[in-house]
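A.B. asks: Take a look at this one; I'll ask things after.
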Amino acid sequence: MDSNIKVLKFGGSSLADAEQFRKVKNIVMADERRIYVIPSAPGKRFSGDTKVTDMLYECYNVAESGGDIDEIFSKVCDRYNSIIEGLGIDLDLSLEYQHIKWAILHHAGRDYAASRGEYLNGIILAKFLDYDFIDPSTYIKFFDNGTFDSEITNTLLSTELKKHKNGVIPGFYGSMPNGTIRTFSRGGSDITGSIVARAALADIYENWTDVSGFLSADPRIVDNPKGISFITYRELRELSYMGAGVLHEDAIFPVRFAGIPINIRNTNAPEDTGTMIVPCTDVFDSETVITGIAGKKGFSVITIEKAMMNSEKGFGRKVLEAIEKEGLSFEHLPSGIDTMCVVLHTEEINTCRDRLKNRICASVEPDSISIEDGLALIAVVGRSMVKAKGTAVRVFKAVADSEINIRMIDQGSSELNIIIGVDEKDFEKATNAIYHEFVK
Ligand code: ASP
């Protein structure tokens, strides 16, 4: 049954100045189901501008090193005052500013300082929309160890939301059991939006940003890539893990749990339908087969060889145990009969390269072991791949025709993705070759 509730999150660029606030109001007012709104802090107004969150981190750093925050803090206040003035609303935040400055100087913490960006923007937006202001510090809760407490949050927040006809809930932060402010990682207002959508049992979570949804490839690599109109949560997870931006990785979980679709929309082009992220869909793209391509550089492969490895019980476990003991996690595990390869982030291996090698040698006594850097991974993702024969062949052929050597292949058991590893220098060329093989 429809709840007739829409939850909207607006990113920093959508709320960077008074003009953007007006666009937001038009969007919210265009549909009476748009009752809960989650703002980010004011973002960049032009390239080279500074986000308010970054200014607040700077305030914290300067304060903690005993410096004078007057100048930088007054720049933060100026940003908000110019929005208030530009909107012509009757609001005076000077007492708030005084309190926040005092708290930053009295060690209220890094997260507290950063969170005030969303807090102040929330007050202004609530006033401008004439919506209730709901402070998430009372309802969005973290455990003592700093991880998010989803269940208590859902209980507290759903009870509170029922008391409000509408509301503005600032993104990015909540609080610890002792009441101190805690933020999510950067870009975390996306997570707040998702949490609110779940608690409100919304029909949809609209995530308003400055692009009209996801693109099927990185526009810095592929010229003018096609937009994605439908994508499943699982596909998106594969793509965003591999570096496709726009939505915070963790924002998927609360709404996915509740089966609520996310619609990525563009505040500057509200007529565009954007990308719809859904739990599952019958919409299969038989024409292009793939939904998107994403990739990352910076991986290393540990190759371990040993004759008759396949008959040695516990071989794989011992190798993985050695990796675990170094506090590392692995990304992929492509293996042969007498070889086992483990793909990891180079950055992580760099902290313990020799120790890790020695540990593996002591544990499984291989015939040889090597660590090679400079690997880029490319994920070709698409739910339609299950239905289309020969997708893998097309991927490999496209790469081979470009005279690029594939160093690693890994097809997920879900048939949702094919991951290949190539030399970092071939990354862009390989991505283009695959893209153009599928998207004509
Ligand atoms: N303002 C925070 C950031 O810049 C959170 C967000 O925008 O989602 O990371």
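Each chain of the structure tokens is named A, B, ... in the order shown, its residues numbered from 1; ligands are numbered from 1 in display order.
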Let's see if you can do this: from backbone DSSP, list all strand (DSSP E or B) residues in segment 66-314 of chain A, as a VMD selection string.
C.D. replies: chain A and resid 133 141 to 142 148 167 to 168 173 to 175 181 to 183 204 to 209 215 227 230 to 232 262 to 266 275 to 278 292 to 305
A.B. asks: So which residues of segment 309-434 of chain A fall under alpha helix (DSSP H) by DSSP, listed as a ChimeraX atom specification?
C.D. replies: /A:315-325,346-349,353-364,391-401,427-434
A.B. asks: So which one's closest to Glu372 of chain A, A:Asp210, A:Glu324, A:Asp144, A:Asp423? Using only C-alpha atoms, please.
C.D. replies: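 Counting only C-alpha atoms, the residue closest to Glu372 of chain A is A:Asp423.
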A.B. asks: Once you count only C-alpha atoms and all ligand atoms, which residues end up within 8 Å of ligand 1, and could you hand them over as a PyMOL selection string?
C.D. replies: chain A and resi 11-12+40-43+51-54+114-115+117-118+171-172+184-191
A.B. asks: So that I have them on file, write out the residues from the current selection with N, CA, C and O atoms, as a short mmCIF file (atom, residue, chain, number, x, y, z; two decimals), in the first residue's frame.
C.D. replies:
data_model
loop_
_atom_site.label_atom_id
_atom_site.label_comp_id
_atom_site.auth_asym_id
_atom_site.auth_seq_id
_atom_site.Cartn_x
_atom_site.Cartn_y
_atom_site.Cartn_z
N GLY A 11 21.62 17.71 -2.04
CA GLY A 11 23.07 17.79 -1.84
C GLY A 11 23.55 19.22 -1.69
O GLY A 11 22.78 20.19 -1.87
N GLY A 12 24.83 19.38 -1.37
CA GLY A 12 25.41 20.68 -1.08
C GLY A 12 25.29 21.68 -2.22
O GLY A 12 25.02 22.87 -2.00
N SER A 40 21.96 18.88 2.89
CA SER A 40 23.41 18.87 3.17
C SER A 40 23.79 20.29 3.58
O SER A 40 22.96 21.20 3.56
N ALA A 41 25.06 20.48 3.88
CA ALA A 41 25.57 21.83 4.14
C ALA A 41 25.79 22.52 2.79
O ALA A 41 25.95 21.85 1.77
N PRO A 42 25.82 23.87 2.77
CA PRO A 42 26.05 24.56 1.50
C PRO A 42 27.35 24.10 0.83
O PRO A 42 28.41 24.06 1.47
N GLY A 43 27.24 23.74 -0.44
CA GLY A 43 28.42 23.26 -1.16
C GLY A 43 29.06 24.38 -1.97
O GLY A 43 28.88 25.56 -1.67
N LYS A 51 33.48 24.34 0.23
CA LYS A 51 32.27 23.83 0.89
C LYS A 51 32.27 24.26 2.34
O LYS A 51 33.34 24.26 2.98
N VAL A 52 31.08 24.55 2.89
CA VAL A 52 31.01 24.95 4.30
C VAL A 52 31.58 23.85 5.21
O VAL A 52 32.28 24.14 6.18
N THR A 53 31.31 22.58 4.88
CA THR A 53 31.85 21.49 5.73
C THR A 53 33.38 21.59 5.82
O THR A 53 33.95 21.41 6.89
N ASP A 54 34.02 21.87 4.69
CA ASP A 54 35.49 21.98 4.72
C ASP A 54 35.94 23.18 5.57
O ASP A 54 36.96 23.11 6.26
N ALA A 114 31.87 19.81 12.18
CA ALA A 114 31.44 19.54 10.80
C ALA A 114 29.92 19.50 10.70
O ALA A 114 29.33 20.00 9.73
N SER A 115 29.28 18.94 11.72
CA SER A 115 27.83 18.75 11.65
C SER A 115 27.05 20.06 11.63
O SER A 115 25.89 20.11 11.20
N GLY A 117 27.31 22.47 9.78
CA GLY A 117 27.00 22.88 8.41
C GLY A 117 25.59 22.47 8.03
O GLY A 117 24.80 23.27 7.50
N GLU A 118 25.25 21.23 8.31
CA GLU A 118 23.91 20.71 8.01
C GLU A 118 22.88 21.31 8.97
O GLU A 118 21.77 21.64 8.57
N GLY A 171 21.09 16.45 7.36
CA GLY A 171 21.81 15.21 7.06
C GLY A 171 23.12 15.10 7.81
O GLY A 171 23.50 16.00 8.58
N PHE A 172 23.78 13.96 7.64
CA PHE A 172 25.19 13.78 8.00
C PHE A 172 25.49 13.41 9.45
O PHE A 172 26.51 12.85 9.74
N PHE A 184 28.46 10.69 9.98
CA PHE A 184 28.81 9.59 9.07
C PHE A 184 30.06 10.02 8.33
O PHE A 184 30.55 11.14 8.52
N SER A 185 30.57 9.16 7.44
CA SER A 185 31.73 9.60 6.66
C SER A 185 31.29 10.65 5.64
O SER A 185 30.09 10.89 5.46
N ARG A 186 32.23 11.27 4.95
CA ARG A 186 31.92 12.37 4.03
C ARG A 186 30.84 11.96 3.03
O ARG A 186 30.83 10.84 2.56
N GLY A 187 29.99 12.88 2.73
CA GLY A 187 28.88 12.60 1.82
C GLY A 187 27.73 11.88 2.51
O GLY A 187 26.79 11.40 1.89
N GLY A 188 27.78 11.83 3.84
CA GLY A 188 26.86 10.99 4.61
C GLY A 188 25.42 11.47 4.69
O GLY A 188 24.56 10.75 5.20
N SER A 189 25.10 12.65 4.15
CA SER A 189 23.69 13.06 4.15
C SER A 189 22.85 12.11 3.31
O SER A 189 21.65 11.95 3.55
N ASP A 190 23.47 11.48 2.33
CA ASP A 190 22.78 10.45 1.54
C ASP A 190 22.27 9.33 2.45
O ASP A 190 21.21 8.77 2.23
N ILE A 191 23.08 9.01 3.47
CA ILE A 191 22.70 7.94 4.39
C ILE A 191 21.52 8.41 5.24
O ILE A 191 20.54 7.68 5.43
#
A.B. asks: Give me the residues within 6 Å of segment 73-88 of chain A as a list in words, counting only C-alpha atoms and dropping any in the same chain fewer than 4 places off.
C.D. replies: Asp17, Ala18 and Ile69 of chain A
A.B. asks: Please write the residues from the selection above to a file, keeping all heavy atoms, as a CSV table (one decimal), in the first residue's frame.
C.D. replies:
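Result saved to selection-v3.csv:
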chain,number,residue,atom,x,y,z
A,17,ASP,N,23.4,28.4,-2.4
A,17,ASP,CA,23.1,29.8,-2.3
A,17,ASP,C,21.5,30.0,-2.4
A,17,ASP,O,20.8,29.1,-2.6
A,17,ASP,CB,23.8,30.7,-3.3
A,17,ASP,CG,23.5,30.3,-4.7
A,17,ASP,OD1,22.4,29.7,-5.0
A,17,ASP,OD2,24.3,30.6,-5.6
A,18,ALA,N,21.1,31.3,-2.2
A,18,ALA,CA,19.7,31.6,-2.2
A,18,ALA,C,18.9,31.1,-3.4
A,18,ALA,O,17.8,30.6,-3.4
A,18,ALA,CB,19.4,33.1,-1.9
A,69,ILE,N,40.2,31.5,15.3
A,69,ILE,CA,39.2,31.0,14.3
A,69,ILE,C,38.3,32.2,13.8
A,69,ILE,O,37.5,31.9,13.0
A,69,ILE,CB,38.4,29.8,14.7
A,69,ILE,CG1,37.4,30.2,15.9
A,69,ILE,CG2,39.2,28.6,15.1
A,69,ILE,CD1,36.4,29.1,16.1
A.B. asks: Expressed in Å to a single decimal, how great is the separation between atom CA of Ser194 of chain A and atom CA of Ala251 of chain A?
C.D. replies: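 The value is 5.8 Å.
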A.B. asks: Can you pull out every residue within 9 Å of Thr232 of chain A, counting only C-alpha atoms, but drop anything in the same chain fewer than 3 positions away, and send it as an NGL selection string?
C.D. replies: :A and (235-237 or 276-281 or 383)
A.B. asks: Suppose we keep N, CA and C atoms; can you now write the selection as a PDB file, in the first residue's frame?
C.D. replies:
ATOM      1  N   GLU A 235      23.291  -4.092  -8.699  1.00  0.00           N
ATOM      2  CA  GLU A 235      24.149  -3.570  -9.772  1.00  0.00           C
ATOM      3  C   GLU A 235      24.855  -2.301  -9.310  1.00  0.00           C
ATOM      4  N   LEU A 236      24.081  -1.462  -8.632  1.00  0.00           N
ATOM      5  CA  LEU A 236      24.646  -0.192  -8.186  1.00  0.00           C
ATOM      6  C   LEU A 236      25.782  -0.423  -7.188  1.00  0.00           C
ATOM      7  N   ARG A 237      25.572  -1.404  -6.344  1.00  0.00           N
ATOM      8  CA  ARG A 237      26.585  -1.709  -5.334  1.00  0.00           C
ATOM      9  C   ARG A 237      27.896  -2.114  -6.038  1.00  0.00           C
ATOM     10  N   MET A 276      16.468   5.546 -11.665  1.00  0.00           N
ATOM     11  CA  MET A 276      15.660   4.885 -10.647  1.00  0.00           C
ATOM     12  C   MET A 276      16.420   3.655 -10.163  1.00  0.00           C
ATOM     13  N   ILE A 277      16.675   3.614  -8.842  1.00  0.00           N
ATOM     14  CA  ILE A 277      17.364   2.457  -8.273  1.00  0.00           C
ATOM     15  C   ILE A 277      16.314   1.612  -7.573  1.00  0.00           C
ATOM     16  N   VAL A 278      16.164   0.376  -8.019  1.00  0.00           N
ATOM     17  CA  VAL A 278      15.043  -0.439  -7.544  1.00  0.00           C
ATOM     18  C   VAL A 278      15.527  -1.770  -6.977  1.00  0.00           C
ATOM     19  N   PRO A 279      14.714  -2.397  -6.095  1.00  0.00           N
ATOM     20  CA  PRO A 279      15.126  -3.695  -5.539  1.00  0.00           C
ATOM     21  C   PRO A 279      15.301  -4.729  -6.649  1.00  0.00           C
ATOM     22  N   CYS A 280      14.347  -4.820  -7.548  1.00  0.00           N
ATOM     23  CA  CYS A 280      14.511  -5.686  -8.715  1.00  0.00           C
ATOM     24  C   CYS A 280      13.629  -5.119  -9.808  1.00  0.00           C
ATOM     25  N   THR A 281      13.869  -5.538 -11.023  1.00  0.00           N
ATOM     26  CA  THR A 281      13.097  -4.965 -12.113  1.00  0.00           C
ATOM     27  C   THR A 281      12.931  -5.968 -13.237  1.00  0.00           C
ATOM     28  N   ARG A 383      22.409  -6.694 -15.171  1.00  0.00           N
ATOM     29  CA  ARG A 383      21.484  -7.778 -14.846  1.00  0.00           C
ATOM     30  C   ARG A 383      21.039  -8.532 -16.097  1.00  0.00           C
TER      31      ARG A 383
END
A.B. asks: Find the distance between atom CA of Ile371 of chain A and atom CA of Ala322 of chain A and write it in Å to one decimal.
C.D. replies: 14.6 Å
A.B. asks: When you count only C-alpha atoms, which of these residues is closest to Thr50 of chain A: A:Val319, A:Leu93, A:Ala63, A:Ile72?
C.D. replies: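 Ranked by minimum distance to Thr50 of chain A, first place goes to A:Ile72.
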A.B. asks: Select, from A:Ile140, A:Ile323, A:Ile181, A:Ile124, the residue with the minimum atom-to-atom distance to Ala103 of chain A, counting only C-alpha atoms.
C.D. replies: A:Ile181
A.B. asks: Which residue is closest to Val7 of chain A? Choose from A:Thr391, A:Thr138, A:Thr192, A:Thr351 and count only C-alpha atoms.
C.D. replies: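 Checking each of A:Thr391, A:Thr138, A:Thr192, A:Thr351 against Val7 of chain A, counting only C-alpha atoms, the winner is A:Thr192.
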A.B. asks: Can you tell me which residues surround Met340 of chain A at a distance of at most 7 Å, considering only C-alpha atoms, apart from same-chain residues fewer than 3 positions away, and format the answer as a PyMOL selection string?
C.D. replies: chain A and resi 303-305+334-336
A.B. asks: Within 12 Å of Ile104 of chain A, counting only C-alpha atoms, which residues qualify if same-chain residues fewer than 3 places away don't, as a ChimeraX atom specification?
C.D. replies: /A:56-70,73,97-101,107-116
A.B. asks: So, counting only C-alpha atoms, which residue among A:Phe315, A:Glu32, A:Asp410, A:Pro254 is closest to Glu331 of chain A?
C.D. replies: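 Of the candidates, the smallest distance to Glu331 of chain A is held by A:Asp410.
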A.B. asks: Do you know which residues are at most 12 Å from Ala400 of chain A counting only C-alpha atoms, after dropping those on the same chain fewer than 2 positions away, and could you put them as a ChimeraX atom specification?
C.D. replies: /A:393-398,402-407,422,426,429-430,433-434,437
